[in-house]
Every structure is written in structure tokens, then in C-alpha cells.
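First up is the structure itself, then whatever we jot down about it.
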Amino acid sequence: MLFLSCKGDIKKHRLLPRIIDFTTEEIIETGHNTYQYRKSGDVYVTIFPETSINYLNNDITLNNGLYAEFSGYIPKKKTKIISDITISKYLESKRAGINVYVVNIPDSLSIEKSIVSARYFYNDNDEYYHEFDLKYIDTIAGFKRYGFVIGYNILWKVKSIKINISIDFTGNLTMRAYSLNKVVDRQFETQVIRFSPKKSKEIVSADRSKYRLEQENRWKIWTTVNEYKHHGFFSNPIDTMQYMTSSLGMVREWRLSNNKLNSKDTHLGIDYSAPKGAPVYAVLNGFVTFAGSVEYFGNMIIIDHGMGVYTSYCHLDRIIVDVGTLLESGIQIGTVGMTGASTGPHLHWEMRVHGFPVDPLVLKDLSFR
Ligand SMILES: [Zn+2]
């Protein structure tokens, strides 16, 4: 058995690839280092930091982490070009339920085709499959950066996510990378919300079939993966963010004014209490993909930030932007209100990744700079 591990602060440690060679059954675990070896013929494997694999008879079983296989014709400096291609988890937040991956490729290579597929395993046997492509971010110091974002799903109690990244480069080089993320179960608090007699009437008479159609329409929007919109810097959605009244994942009992239980739902965003008329801002650059009045959420705006990342702003009093407008981070989009199912003026703020609700506060850390 071969055990390779490197301890130290990742920020101080350069990720130098080390070439290793082994032929029989092995377990390999990397610390902060990256390892490369030649599997067979012209197939090269890179094992990225914090990865554990089992290797037997030329087959690799991934226990956790990330590894990539490279094959195809590369004219010169094979291992140099391959070791220059890196994949990293740019951002990982288990609390927020999000992973951001960045692929760095040398400027001398071009991507012909890329497919990222994510398989979500939940409820033991069920799985959900979603496929999209890498999006270009920028070019820095001779390297092009591409990325994608993965959101866990707090509703389905996802246990693990398998990600396959497939890239065909021009010039016959291919990369097939595999990542495995295990998800830890979380418990969420229960909250009771009570509606006024007026709001109770509105909730009881809400049009359920209209709501279902609106949800389908929103799902179509949220699962569309468009180009990265060069986020800009994060701006707060409202000026006063200290009055958070509901967090993500809370199980909420809806009580009508006669104390009757109307429904139980999982809160898929964050609520901030604020006075009616307070300005609401776009948190990152993006296109307005929806602006209008809907069941339960009242006046709602959805902004597309690219890469399958969307933010939504609900219960607004006024909407002051139009669909199709490209917004800059920090631009006012509307005002706080209590339209829809609301017990008082507040902003319901949501973030979706490929349709899955995640904690929008993570956006403070999502800036590719
Ligand atoms: Zn809310």
C-alpha cells in the first residue's frame, strides 16, 4: 500500500504536480498536492488535491475528490501540457449547499466541446440527472478559466453528487474528469407564521393551477444555463440586512387568522424585514428574465447571472425594471412590499443553481477575481 499525504497550509503551498508510477493494487490519497501518472499507453491520470482512489488492474475507483484521465495525441511536452490543466473547487460551502468548479487551461489549448453532467443520489435509490456545459470566465496570465456551479438540493435530501467533466480539446486531446461529493444531512428549525384576516382570505383563494403553471415556467428559467455574466462585486439586496426573519431550509407552518393550519412548506430563500418602499437592489450583474405578479410570491423579479445561477426578489411593492434589461450589481430594481403571501413588509430573496435553492448569502464569496 502506498500512502501519500502532504500537510500544510494550502495557501502557502504551491500545487506542484508530482509524477508517480504504480502498477499493482494501490490506495492513493493526496493531501494538498497533485499527482500524475501514466496509466497505460498514452493515457495520463491527474489526481487532484484531497482525493482518495483505489487502483486495481488499471481501473480506478474514486472514494472522494477528483481525478482526470487525459488521452489523445499531444505533440510535445506531454506531461507539461497536461499538468498545466488544473481543476479546482473554487468555492465549496456545505452550509450554503454549493460548489463552484474552475478549470484552468493553457492559452495554447482550445475547448472544442465540453459536457458537465451531475448525478444527484437521494432517497437511497432515486437519482436526478442534469447536464450542461462549461462557461468561459476570463483569461489570466496565459490561462483561460472556465467554470460551472453545482447546487445541492435541500428538499430531496441528496446523499451524494457524482460529477463528470468531459472536455474535447482541439488537436485530439481529451479529458474525462470524475468528482464525488458526499453530502451530510442537516436539520432545520420549524417556524410558525400567522397571516392577518385579509391575507388569510387571499391565501385560501389563491389559484393553485395558475401557481403550478408559474412554477413550471420558473423551473424552465432556472434550469437554463446561459453564459457567465461577469458578476461584478456583490451588493446587498437591501440596505438593512440585520433583520433576518427566516433563513433557508426552515420548515414553516402557515397558520391562517382562525389558527387553522393552511400548509407546511420549506423556506427556499432568506427573509429580511424592512419598511415598505425601501429600495431593493440587484446583488450581481445579470439579465432580468422575469418581472411580474405571481401567486404567493406577489411581485417577483428573477435575474440570470449566468452559469445556471439565478436570484429572485419577492413580495415587492414596486418593480422598476423590465425583462431583458442587463443590470449592473447594485442597481435598484424595485421596492420592499408585502404582495402575495406575506405577514408584513419584507424581502424574500432566493438563489437558485440549476433550479435548486441554495443559501444566497454565499454570493458574497462568489466573485471570480
Ligand atoms: Zn420568504
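Identifiers for the C-alpha cells are assigned positionally: chains receive A, B, ... in sequence, residues are indexed from 1 per chain, and ligands are indexed from 1 in the order shown.
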What residues of the protein or nucleic acid chains come within 8 Å of ligand 1 when you use only C-alpha atoms and all ligand atoms? Reply as a PyMOL selection string.
chain A and resi 246+267-271+314+347-349
I need the residues of region 105-262 of chain A that end up classed as alpha helix (DSSP H) by DSSP on the backbone, written out as a PDB file with C-alpha atoms, in the first residue's frame.
ATOM      1  CA  PRO A 197     -57.591  38.002   8.192  1.00  0.00           C
ATOM      2  CA  LYS A 198     -57.104  39.882   4.877  1.00  0.00           C
ATOM      3  CA  LYS A 199     -54.036  37.813   3.858  1.00  0.00           C
ATOM      4  CA  SER A 200     -55.727  34.590   5.044  1.00  0.00           C
ATOM      5  CA  LYS A 201     -58.587  35.259   2.598  1.00  0.00           C
ATOM      6  CA  GLU A 202     -56.078  35.894  -0.209  1.00  0.00           C
ATOM      7  CA  ILE A 203     -54.164  32.671   0.562  1.00  0.00           C
ATOM      8  CA  VAL A 204     -57.293  30.495   0.698  1.00  0.00           C
ATOM      9  CA  ARG A 208     -53.442  26.626  -7.396  1.00  0.00           C
ATOM     10  CA  SER A 209     -53.438  25.688 -11.087  1.00  0.00           C
ATOM     11  CA  LYS A 210     -52.084  29.133 -12.039  1.00  0.00           C
ATOM     12  CA  TYR A 211     -49.421  28.652  -9.348  1.00  0.00           C
ATOM     13  CA  ARG A 212     -48.399  25.247 -10.779  1.00  0.00           C
ATOM     14  CA  LEU A 213     -48.041  26.727 -14.278  1.00  0.00           C
ATOM     15  CA  GLU A 214     -45.980  29.594 -12.874  1.00  0.00           C
ATOM     16  CA  GLN A 215     -43.741  27.107 -11.024  1.00  0.00           C
ATOM     17  CA  GLU A 216     -43.190  25.126 -14.251  1.00  0.00           C
ATOM     18  CA  ASN A 217     -42.310  28.346 -16.048  1.00  0.00           C
ATOM     19  CA  ARG A 218     -39.854  29.311 -13.276  1.00  0.00           C
ATOM     20  CA  TRP A 219     -38.262  25.843 -13.351  1.00  0.00           C
ATOM     21  CA  LYS A 220     -37.681  26.296 -17.105  1.00  0.00           C
ATOM     22  CA  ILE A 221     -35.986  29.645 -16.446  1.00  0.00           C
ATOM     23  CA  TRP A 222     -33.859  28.358 -13.537  1.00  0.00           C
TER      24      TRP A 222
END
Near Pro357 (chain A), within 8 Å and counting only C-alpha atoms, which residues show up once chain neighbours fewer than 6 positions away are dropped, as a ChimeraX atom specification?
/A:151-154,268-269,350-351
Same residues, N, CA, C and O atoms, saved as a PDB file, in the first residue's frame:
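What ended up in selection_39.pdb:
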ATOM      1  N   GLY A 151     -25.354  23.045  -7.329  1.00  0.00           N
ATOM      2  CA  GLY A 151     -26.158  23.331  -6.131  1.00  0.00           C
ATOM      3  C   GLY A 151     -26.720  22.034  -5.595  1.00  0.00           C
ATOM      4  O   GLY A 151     -27.174  21.198  -6.357  1.00  0.00           O
ATOM      5  N   TYR A 152     -26.639  21.840  -4.277  1.00  0.00           N
ATOM      6  CA  TYR A 152     -27.258  20.646  -3.692  1.00  0.00           C
ATOM      7  C   TYR A 152     -28.752  20.926  -3.617  1.00  0.00           C
ATOM      8  O   TYR A 152     -29.205  22.027  -3.850  1.00  0.00           O
ATOM      9  N   ASN A 153     -29.523  19.944  -3.233  1.00  0.00           N
ATOM     10  CA  ASN A 153     -30.944  20.175  -3.095  1.00  0.00           C
ATOM     11  C   ASN A 153     -31.405  19.825  -1.696  1.00  0.00           C
ATOM     12  O   ASN A 153     -31.464  18.658  -1.329  1.00  0.00           O
ATOM     13  N   ILE A 154     -31.739  20.851  -0.899  1.00  0.00           N
ATOM     14  CA  ILE A 154     -32.139  20.598   0.483  1.00  0.00           C
ATOM     15  C   ILE A 154     -33.494  19.909   0.571  1.00  0.00           C
ATOM     16  O   ILE A 154     -33.821  19.298   1.566  1.00  0.00           O
ATOM     17  N   LEU A 268     -37.406  28.470   0.984  1.00  0.00           N
ATOM     18  CA  LEU A 268     -36.354  28.270  -0.016  1.00  0.00           C
ATOM     19  C   LEU A 268     -35.527  29.519  -0.285  1.00  0.00           C
ATOM     20  O   LEU A 268     -34.806  29.603  -1.283  1.00  0.00           O
ATOM     21  N   GLY A 269     -35.638  30.491   0.617  1.00  0.00           N
ATOM     22  CA  GLY A 269     -34.836  31.704   0.461  1.00  0.00           C
ATOM     23  C   GLY A 269     -34.548  32.288   1.829  1.00  0.00           C
ATOM     24  O   GLY A 269     -34.596  31.584   2.838  1.00  0.00           O
ATOM     25  N   GLU A 350     -34.044  34.869  -2.953  1.00  0.00           N
ATOM     26  CA  GLU A 350     -33.707  33.471  -3.255  1.00  0.00           C
ATOM     27  C   GLU A 350     -32.536  33.389  -4.210  1.00  0.00           C
ATOM     28  O   GLU A 350     -32.325  34.278  -5.030  1.00  0.00           O
ATOM     29  N   MET A 351     -31.792  32.291  -4.120  1.00  0.00           N
ATOM     30  CA  MET A 351     -30.765  31.989  -5.122  1.00  0.00           C
ATOM     31  C   MET A 351     -30.998  30.566  -5.599  1.00  0.00           C
ATOM     32  O   MET A 351     -31.219  29.660  -4.798  1.00  0.00           O
TER      33      MET A 351
END
For Met175 (chain A), list every protein, DNA or RNA residue within 6 Å, evaluated using only C-alpha atoms, and leave out those in the same chain fewer than 5 positions away; present the list as a list in words.
Glu69, Phe70, Ser166 and Ile167 of chain A
Just to be explicit: take each residue in the selection above, keep N, CA and C atoms, and write the result as a compact mmCIF listing (two decimals), in the first residue's frame.
# COMPACT_ATOMS: atom_id res chain seq x y z
N GLU A 69 -8.58 11.80 -16.43
CA GLU A 69 -7.81 10.99 -17.38
C GLU A 69 -7.65 11.79 -18.68
N PHE A 70 -6.43 11.80 -19.19
CA PHE A 70 -6.14 12.51 -20.44
C PHE A 70 -5.69 11.50 -21.48
N SER A 166 -16.34 16.38 -19.09
CA SER A 166 -15.78 15.82 -20.31
C SER A 166 -15.39 16.98 -21.24
N ILE A 167 -14.11 17.04 -21.58
CA ILE A 167 -13.65 18.11 -22.48
C ILE A 167 -12.92 17.51 -23.68
Neighbouring residues of Ser367 (chain A) were defined as those with any atom within 12 Å, considering only C-alpha atoms; residues of the same chain fewer than 4 positions away were excluded. Please report them as an NGL selection string.
:A and (90-91 or 100 or 137 or 147 or 228-235 or 283-285 or 305 or 329 or 362-363)
Near-Ser110 (chain A) list (7 Å; only C-alpha atoms; drop same-chain fewer than 2 positions) as a PyMOL selection string:
chain A and resi 108+112+169-170
Skipping near chain neighbours, those fewer than 4 positions away, what residues fall within 9 Å of region 125-136 of chain A using only C-alpha atoms, listed as a PyMOL selection string?
chain A and resi 103+113-121+144-148+158+165+167+223-228+306-308+354
Rounded to one decimal in Å, what is the spacing between CA of Glu189 (chain A) and CA of Ser247 (chain A)?
9.2 Å
From A:Tyr281, A:Phe143, A:Phe368, A:Trp254, residue lying nearest Val192 (chain A) [only C-alpha atoms]
A:Trp254
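When only C-alpha atoms are used to measure the gap to Gln332 (chain A), the shortest distance among A:Ile303, A:Leu66, A:Ile98, A:Ala282 belongs to A:Ala282.
Using only C-alpha atoms, the smallest distance between any of A:Ala278, A:Ala96, A:Ile193, A:Ile87 and Glu253 (chain A) comes from A:Ile193.
CA of Val353 (chain A) is positioned 9.0 Å from CA of Thr311 (chain A).
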List every residue of region 280-363 of chain A that DSSP, applied to the backbone, labels as strand (DSSP E or B), and write the result as a PyMOL selection string.
chain A and resi 280-281+286-294+298-306+309-316+318-319+326-327+332-335+337+346-353+356-358
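CA of Pro345 (chain A) is positioned 8.7 Å from CA of Asp317 (chain A).
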